[in-house]
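Pasting upload22.pdb here (PDB, C-alpha atoms):
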```
ATOM      1  CA  MET A   1     -71.364  72.116  18.248  1.00  0.00           C
ATOM      2  CA  SER A   2     -72.282  74.756  20.823  1.00  0.00           C
ATOM      3  CA  THR A   3     -72.240  74.097  24.555  1.00  0.00           C
ATOM      4  CA  PHE A   4     -76.043  74.223  24.640  1.00  0.00           C
ATOM      5  CA  ASN A   5     -76.365  71.709  21.788  1.00  0.00           C
ATOM      6  CA  THR A   6     -73.661  69.460  23.261  1.00  0.00           C
ATOM      7  CA  ILE A   7     -75.306  69.292  26.662  1.00  0.00           C
ATOM      8  CA  ALA A   8     -78.782  68.931  25.134  1.00  0.00           C
ATOM      9  CA  ALA A   9     -77.523  65.992  23.036  1.00  0.00           C
ATOM     10  CA  LEU A  10     -75.830  64.504  26.105  1.00  0.00           C
ATOM     11  CA  LYS A  11     -79.053  64.850  28.105  1.00  0.00           C
ATOM     12  CA  ALA A  12     -80.886  63.102  25.279  1.00  0.00           C
ATOM     13  CA  GLY A  13     -78.464  60.173  25.655  1.00  0.00           C
ATOM     14  CA  ASP A  14     -76.443  60.719  22.481  1.00  0.00           C
ATOM     15  CA  THR A  15     -73.505  58.327  22.925  1.00  0.00           C
ATOM     16  CA  SER A  16     -71.570  59.760  19.985  1.00  0.00           C
ATOM     17  CA  VAL A  17     -71.466  63.183  21.707  1.00  0.00           C
ATOM     18  CA  PHE A  18     -70.323  61.488  24.911  1.00  0.00           C
ATOM     19  CA  SER A  19     -67.665  59.590  22.962  1.00  0.00           C
ATOM     20  CA  ASP A  20     -66.442  62.833  21.382  1.00  0.00           C
ATOM     21  CA  LEU A  21     -66.246  64.508  24.821  1.00  0.00           C
ATOM     22  CA  PHE A  22     -64.436  61.503  26.233  1.00  0.00           C
ATOM     23  CA  ASN A  23     -61.876  61.551  23.419  1.00  0.00           C
ATOM     24  CA  GLU A  24     -61.382  65.301  23.692  1.00  0.00           C
ATOM     25  CA  TYR A  25     -61.130  65.611  27.485  1.00  0.00           C
ATOM     26  CA  HIS A  26     -59.856  62.266  28.763  1.00  0.00           C
ATOM     27  CA  GLN A  27     -56.184  63.141  28.519  1.00  0.00           C
ATOM     28  CA  LYS A  28     -56.749  66.720  29.717  1.00  0.00           C
ATOM     29  CA  VAL A  29     -58.597  65.527  32.824  1.00  0.00           C
ATOM     30  CA  TYR A  30     -55.959  62.860  33.495  1.00  0.00           C
ATOM     31  CA  PHE A  31     -53.094  65.373  33.410  1.00  0.00           C
ATOM     32  CA  TYR A  32     -55.095  67.928  35.401  1.00  0.00           C
ATOM     33  CA  VAL A  33     -55.626  65.400  38.228  1.00  0.00           C
ATOM     34  CA  LEU A  34     -52.048  64.116  37.945  1.00  0.00           C
ATOM     35  CA  SER A  35     -50.704  67.659  38.306  1.00  0.00           C
ATOM     36  CA  LYS A  36     -52.738  68.141  41.484  1.00  0.00           C
ATOM     37  CA  THR A  37     -52.122  64.754  43.122  1.00  0.00           C
ATOM     38  CA  HIS A  38     -48.870  63.416  41.636  1.00  0.00           C
ATOM     39  CA  SER A  39     -50.506  59.981  41.734  1.00  0.00           C
ATOM     40  CA  THR A  40     -51.098  58.020  38.562  1.00  0.00           C
ATOM     41  CA  TYR A  41     -53.522  55.768  40.410  1.00  0.00           C
ATOM     42  CA  ILE A  42     -55.701  58.675  41.562  1.00  0.00           C
ATOM     43  CA  ALA A  43     -55.413  60.348  38.152  1.00  0.00           C
ATOM     44  CA  GLU A  44     -56.632  57.194  36.388  1.00  0.00           C
ATOM     45  CA  GLU A  45     -59.436  56.585  38.892  1.00  0.00           C
ATOM     46  CA  ALA A  46     -60.589  60.198  38.944  1.00  0.00           C
ATOM     47  CA  THR A  47     -60.596  60.393  35.155  1.00  0.00           C
ATOM     48  CA  GLN A  48     -62.707  57.252  34.777  1.00  0.00           C
ATOM     49  CA  ILE A  49     -65.103  58.275  37.535  1.00  0.00           C
ATOM     50  CA  THR A  50     -65.419  61.769  36.062  1.00  0.00           C
ATOM     51  CA  PHE A  51     -66.730  60.417  32.783  1.00  0.00           C
ATOM     52  CA  ILE A  52     -68.956  57.885  34.506  1.00  0.00           C
ATOM     53  CA  LYS A  53     -70.489  60.703  36.560  1.00  0.00           C
ATOM     54  CA  LEU A  54     -70.795  62.893  33.454  1.00  0.00           C
ATOM     55  CA  TRP A  55     -72.902  60.193  31.844  1.00  0.00           C
ATOM     56  CA  ASP A  56     -74.843  59.184  34.974  1.00  0.00           C
ATOM     57  CA  TYR A  57     -75.724  62.764  35.922  1.00  0.00           C
ATOM     58  CA  ARG A  58     -76.152  64.135  32.395  1.00  0.00           C
ATOM     59  CA  HIS A  59     -79.811  65.008  33.095  1.00  0.00           C
ATOM     60  CA  ARG A  60     -78.711  67.468  35.793  1.00  0.00           C
ATOM     61  CA  LEU A  61     -76.158  69.364  33.692  1.00  0.00           C
ATOM     62  CA  ASP A  62     -76.584  73.123  33.369  1.00  0.00           C
ATOM     63  CA  GLU A  63     -76.809  74.028  29.700  1.00  0.00           C
ATOM     64  CA  SER A  64     -75.612  77.579  30.342  1.00  0.00           C
ATOM     65  CA  GLU A  65     -72.171  76.402  31.551  1.00  0.00           C
ATOM     66  CA  PRO A  66     -69.333  75.516  29.181  1.00  0.00           C
ATOM     67  CA  VAL A  67     -68.832  71.747  28.840  1.00  0.00           C
ATOM     68  CA  SER A  68     -65.177  72.009  29.821  1.00  0.00           C
ATOM     69  CA  LYS A  69     -66.096  73.798  33.065  1.00  0.00           C
ATOM     70  CA  LEU A  70     -68.622  71.085  33.932  1.00  0.00           C
ATOM     71  CA  ILE A  71     -66.161  68.281  33.209  1.00  0.00           C
ATOM     72  CA  PHE A  72     -63.371  69.849  35.265  1.00  0.00           C
ATOM     73  CA  HIS A  73     -65.777  70.641  38.096  1.00  0.00           C
ATOM     74  CA  ILE A  74     -66.740  66.936  38.224  1.00  0.00           C
ATOM     75  CA  ALA A  75     -63.057  65.966  38.012  1.00  0.00           C
ATOM     76  CA  ARG A  76     -62.121  68.281  40.877  1.00  0.00           C
ATOM     77  CA  ALA A  77     -64.910  66.996  43.137  1.00  0.00           C
ATOM     78  CA  THR A  78     -64.074  63.385  42.259  1.00  0.00           C
ATOM     79  CA  THR A  79     -60.395  63.950  43.008  1.00  0.00           C
ATOM     80  CA  ILE A  80     -61.217  65.438  46.400  1.00  0.00           C
ATOM     81  CA  ASP A  81     -63.445  62.446  47.195  1.00  0.00           C
ATOM     82  CA  LEU A  82     -60.711  60.000  46.199  1.00  0.00           C
ATOM     83  CA  LEU A  83     -58.089  61.865  48.228  1.00  0.00           C
ATOM     84  CA  ARG A  84     -60.354  61.765  51.278  1.00  0.00           C
ATOM     85  CA  LYS A  85     -60.915  58.031  50.840  1.00  0.00           C
ATOM     86  CA  GLU A  86     -57.185  57.436  50.466  1.00  0.00           C
ATOM     87  CA  ALA A  87     -56.476  59.506  53.590  1.00  0.00           C
ATOM     88  CA  VAL A  88     -58.988  57.488  55.602  1.00  0.00           C
ATOM     89  CA  LYS A  89     -57.572  54.246  54.252  1.00  0.00           C
ATOM     90  CA  GLY A  90     -54.055  55.419  55.090  1.00  0.00           C
ATOM     91  CA  ARG A  91     -55.022  56.317  58.660  1.00  0.00           C
ATOM     92  CA  PHE A  92     -56.732  52.970  59.071  1.00  0.00           C
ATOM     93  CA  LEU A  93     -53.725  51.035  57.789  1.00  0.00           C
ATOM     94  CA  LYS A  94     -51.306  53.041  59.925  1.00  0.00           C
ATOM     95  CA  GLN A  95     -53.150  52.320  63.134  1.00  0.00           C
ATOM     96  CA  GLU A  96     -50.887  50.624  65.595  1.00  0.00           C
ATOM     97  CA  LYS A  97     -51.462  47.165  66.903  1.00  0.00           C
ATOM     98  CA  PRO A  98     -53.818  47.173  69.841  1.00  0.00           C
ATOM     99  CA  SER A  99     -52.001  48.414  72.906  1.00  0.00           C
ATOM    100  CA  GLU A 100     -51.563  46.224  75.946  1.00  0.00           C
ATOM    101  CA  SER A 101     -54.289  48.140  77.801  1.00  0.00           C
ATOM    102  CA  THR A 102     -56.704  47.721  74.871  1.00  0.00           C
ATOM    103  CA  THR A 103     -55.962  44.005  74.772  1.00  0.00           C
ATOM    104  CA  ARG A 104     -56.458  43.810  78.527  1.00  0.00           C
ATOM    105  CA  ASN A 105     -59.776  45.678  78.267  1.00  0.00           C
ATOM    106  CA  ILE A 106     -60.974  43.297  75.562  1.00  0.00           C
ATOM    107  CA  SER A 107     -59.868  40.340  77.661  1.00  0.00           C
ATOM    108  CA  ASP A 108     -61.628  41.750  80.726  1.00  0.00           C
ATOM    109  CA  ALA A 109     -64.813  42.345  78.741  1.00  0.00           C
ATOM    110  CA  MET A 110     -64.750  38.782  77.409  1.00  0.00           C
ATOM    111  CA  GLU A 111     -64.178  37.429  80.889  1.00  0.00           C
ATOM    112  CA  ALA A 112     -67.055  39.516  82.264  1.00  0.00           C
ATOM    113  CA  ARG A 113     -69.320  38.244  79.495  1.00  0.00           C
ATOM    114  CA  GLU A 114     -68.353  34.645  80.317  1.00  0.00           C
ATOM    115  CA  GLN A 115     -69.062  35.218  84.020  1.00  0.00           C
ATOM    116  CA  LEU A 116     -72.427  36.757  83.193  1.00  0.00           C
ATOM    117  CA  GLN A 117     -73.240  33.662  81.171  1.00  0.00           C
ATOM    118  CA  ARG A 118     -72.256  31.480  84.154  1.00  0.00           C
ATOM    119  CA  VAL A 119     -74.534  33.523  86.420  1.00  0.00           C
ATOM    120  CA  ARG A 120     -77.435  33.096  83.986  1.00  0.00           C
ATOM    121  CA  GLU A 121     -76.827  29.346  83.867  1.00  0.00           C
ATOM    122  CA  ALA A 122     -76.651  29.201  87.676  1.00  0.00           C
ATOM    123  CA  VAL A 123     -79.910  31.152  87.936  1.00  0.00           C
ATOM    124  CA  GLN A 124     -81.573  28.480  85.777  1.00  0.00           C
ATOM    125  CA  HIS A 125     -80.657  25.855  88.423  1.00  0.00           C
ATOM    126  CA  MET A 126     -82.360  27.743  91.273  1.00  0.00           C
ATOM    127  CA  PRO A 127     -85.727  26.603  92.612  1.00  0.00           C
ATOM    128  CA  PRO A 128     -88.537  28.087  90.442  1.00  0.00           C
ATOM    129  CA  VAL A 129     -89.831  30.710  92.904  1.00  0.00           C
ATOM    130  CA  ARG A 130     -86.328  31.872  93.854  1.00  0.00           C
ATOM    131  CA  ARG A 131     -85.359  32.063  90.151  1.00  0.00           C
ATOM    132  CA  LYS A 132     -88.476  34.125  89.370  1.00  0.00           C
ATOM    133  CA  VAL A 133     -87.826  36.495  92.291  1.00  0.00           C
ATOM    134  CA  PHE A 134     -84.198  36.945  91.221  1.00  0.00           C
ATOM    135  CA  GLU A 135     -85.090  37.529  87.558  1.00  0.00           C
ATOM    136  CA  LEU A 136     -87.769  40.072  88.407  1.00  0.00           C
ATOM    137  CA  SER A 137     -85.376  41.903  90.706  1.00  0.00           C
ATOM    138  CA  ARG A 138     -82.182  41.838  88.646  1.00  0.00           C
ATOM    139  CA  TYR A 139     -83.384  41.606  85.051  1.00  0.00           C
ATOM    140  CA  GLU A 140     -86.639  43.583  85.233  1.00  0.00           C
ATOM    141  CA  PHE A 141     -85.524  45.939  88.050  1.00  0.00           C
ATOM    142  CA  LYS A 142     -88.669  45.495  90.116  1.00  0.00           C
ATOM    143  CA  SER A 143     -88.767  46.391  93.788  1.00  0.00           C
ATOM    144  CA  HIS A 144     -89.293  43.758  96.461  1.00  0.00           C
ATOM    145  CA  LYS A 145     -92.793  45.137  97.032  1.00  0.00           C
ATOM    146  CA  GLU A 146     -93.684  44.884  93.312  1.00  0.00           C
ATOM    147  CA  ILE A 147     -92.347  41.318  93.170  1.00  0.00           C
ATOM    148  CA  ALA A 148     -94.324  40.382  96.292  1.00  0.00           C
ATOM    149  CA  GLU A 149     -97.529  41.736  94.753  1.00  0.00           C
ATOM    150  CA  GLN A 150     -96.907  40.069  91.384  1.00  0.00           C
ATOM    151  CA  LEU A 151     -96.108  36.636  92.864  1.00  0.00           C
ATOM    152  CA  SER A 152     -98.570  36.874  95.774  1.00  0.00           C
ATOM    153  CA  LEU A 153     -95.792  36.583  98.354  1.00  0.00           C
ATOM    154  CA  SER A 154     -94.912  38.634 101.394  1.00  0.00           C
ATOM    155  CA  VAL A 155     -92.134  41.212 101.049  1.00  0.00           C
ATOM    156  CA  LYS A 156     -90.195  39.299 103.724  1.00  0.00           C
ATOM    157  CA  THR A 157     -90.392  36.099 101.612  1.00  0.00           C
ATOM    158  CA  VAL A 158     -89.111  37.992  98.571  1.00  0.00           C
ATOM    159  CA  GLU A 159     -86.233  39.409 100.625  1.00  0.00           C
ATOM    160  CA  ASN A 160     -85.458  35.911 101.900  1.00  0.00           C
ATOM    161  CA  HIS A 161     -85.421  34.463  98.358  1.00  0.00           C
ATOM    162  CA  MET A 162     -83.150  37.291  97.162  1.00  0.00           C
ATOM    163  CA  SER A 163     -80.773  36.737 100.053  1.00  0.00           C
ATOM    164  CA  LEU A 164     -80.589  32.996  99.330  1.00  0.00           C
ATOM    165  CA  ALA A 165     -80.157  33.609  95.564  1.00  0.00           C
ATOM    166  CA  ILE A 166     -77.330  36.087  96.065  1.00  0.00           C
ATOM    167  CA  SER A 167     -75.637  33.849  98.609  1.00  0.00           C
ATOM    168  CA  TYR A 168     -75.913  30.896  96.196  1.00  0.00           C
ATOM    169  CA  LEU A 169     -74.411  32.898  93.326  1.00  0.00           C
ATOM    170  CA  ARG A 170     -71.647  34.365  95.482  1.00  0.00           C
ATOM    171  CA  ASN A 171     -70.601  30.885  96.651  1.00  0.00           C
ATOM    172  CA  LEU A 172     -70.777  29.492  93.129  1.00  0.00           C
ATOM    173  CA  LEU A 173     -68.652  32.308  91.683  1.00  0.00           C
ATOM    174  CA  LEU A 174     -66.145  32.003  94.514  1.00  0.00           C
ATOM    175  CA  LEU A 175     -65.861  28.299  93.759  1.00  0.00           C
ATOM    176  CA  LEU A 176     -65.372  29.015  90.047  1.00  0.00           C
ATOM    177  CA  LEU A 177     -62.665  31.583  90.788  1.00  0.00           C
ATOM    178  CA  LEU A 178     -60.849  29.109  93.020  1.00  0.00           C
ATOM    179  CA  LEU A 179     -61.054  26.434  90.342  1.00  0.00           C
ATOM    180  CA  LEU A 180     -59.761  28.840  87.690  1.00  0.00           C
ATOM    181  CA  ASN A 181     -56.759  29.715  89.862  1.00  0.00           C
ATOM    182  CA  PHE A 182     -55.795  26.061  90.108  1.00  0.00           C
ATOM    183  CA  ILE A 183     -56.142  25.311  86.400  1.00  0.00           C
TER     184      ILE A 183
END
```
Exercise: express the given structure as structure tokens:
Amino acid sequence: MSTFNTIAALKAGDTSVFSDLFNEYHQKVYFYVLSKTHSTYIAEEATQITFIKLWDYRHRLDESEPVSKLIFHIARATTIDLLRKEAVKGRFLKQEKPSESTTRNISDAMEAREQLQRVREAVQHMPPVRRKVFELSRYEFKSHKEIAEQLSLSVKTVENHMSLAISYLRNLLLLLLLLLNFI
């Protein structure tokens, strides 16, 4: 069967033509990949994937190219993909355990997150107006003037609430730090 007829039959979904190609080229593709990679695992995988791709992408095949060229082109591309994946997997597996500084950074980040949670809980225990002033200032980044206008307060009252809120939080965090040192 000519290349044109073989590819046309393959495009039409003729499984007997695919089976014939598989039987004819399976071993050739396997040894081609094995000679390039020296890995039986990659040779087996690449060979199987090559024929899967041949079938899956049969509608895109160029009928002017020899079948053998198409099959080995797919095999080469598949082998390169597998080698890349193996290289990435190898680099990932060879990564060292987290260094002491990385562990410390993770620990510091977790501690900061816990302290932020404590601050949020402490803010919830503030008197309602003070809490609202603090939230608008620190969470919504509004100026004292904007907060005063929004809550119908004087700027001086907003400043006073912020001062009391920050003082309250500072004292609370200082107390927590002292307690943590004694635990």
With distances taken over all atoms listed in the file, which residue among A:Thr6, A:Gln27, A:Ser19, A:Asn105 lies nearest Asp62 in chain A?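 Comparing A:Thr6, A:Gln27, A:Ser19, A:Asn105 against Asp62 in chain A, the winner is A:Thr6.
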Which residues, written as a ChimeraX atom specification, have at least one atom at most 12 Å from Ser152 in chain A, with all atoms listed in the file counted and residues fewer than 6 positions away on the same chain left out? /A:129,133,144-146,158
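Residues in contact with Asp81 in chain A at up to 12 Å, not including ones fewer than 5 positions away on its chain and judged by only C-alpha atoms, are Ile42, Glu45, Ala46, Ile49, Thr50, Ile74, Ala75, Arg76, Glu86, Ala87 and Val88 of chain A.
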Could you give me the centre and size, in Å to one decimal, of an axis-aligned box around all listed atoms of range 132-141 of chain A with 8 Å added on every side, as JSON?
```
{"center_x": -85.3, "center_y": 40.0, "center_z": 88.7, "size_x": 22.3, "size_y": 27.8, "size_z": 23.2}
```
Proximity check range 50-129 of chain A to range 20-25 of chain A, 9 Å, nearest pairs one decimal Å, all atoms listed in the file, as JSON lines:
```
{"residue": "A:Phe51", "atom": "CA", "partner": "A:Phe22", "partner_atom": "CA", "distance": 7.0}
{"residue": "A:Val67", "atom": "CA", "partner": "A:Leu21", "partner_atom": "CA", "distance": 8.7}
{"residue": "A:Ser68", "atom": "CA", "partner": "A:Tyr25", "partner_atom": "CA", "distance": 7.9}
{"residue": "A:Ile71", "atom": "CA", "partner": "A:Tyr25", "partner_atom": "CA", "distance": 8.1}
```
Those residues with C-alpha atoms, as a JSON list (two decimals), keeping the file's coordinate frame please?
```json
[["chain", "number", "residue", "atom", "x", "y", "z"],
["A", 51, "PHE", "CA", -66.73, 60.42, 32.78],
["A", 67, "VAL", "CA", -68.83, 71.75, 28.84],
["A", 68, "SER", "CA", -65.18, 72.01, 29.82],
["A", 71, "ILE", "CA", -66.16, 68.28, 33.21]]
```
CA of Arg91 in chain A to CA of Ser35 in chain A, distance in Å rounded to a single decimal: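 The value is 23.7 Å.
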Would you mind telling me which residue in A:Leu176, A:Asp14, A:Ser163, A:Arg131 lies nearest to Glu114 in chain A when using only C-alpha atoms?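 When distances to Glu114 in chain A are compared using only C-alpha atoms, the smallest one comes from A:Leu176.
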So what do you get for CA of Gln150 in chain A versus CA of Arg120 in chain A, distance-wise?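 About the pair CA of Gln150 in chain A and CA of Arg120 in chain A: they are 22.0 Å apart.
A straight line drawn from CA of Gln124 in chain A to CA of Asp108 in chain A is 24.5 Å long.
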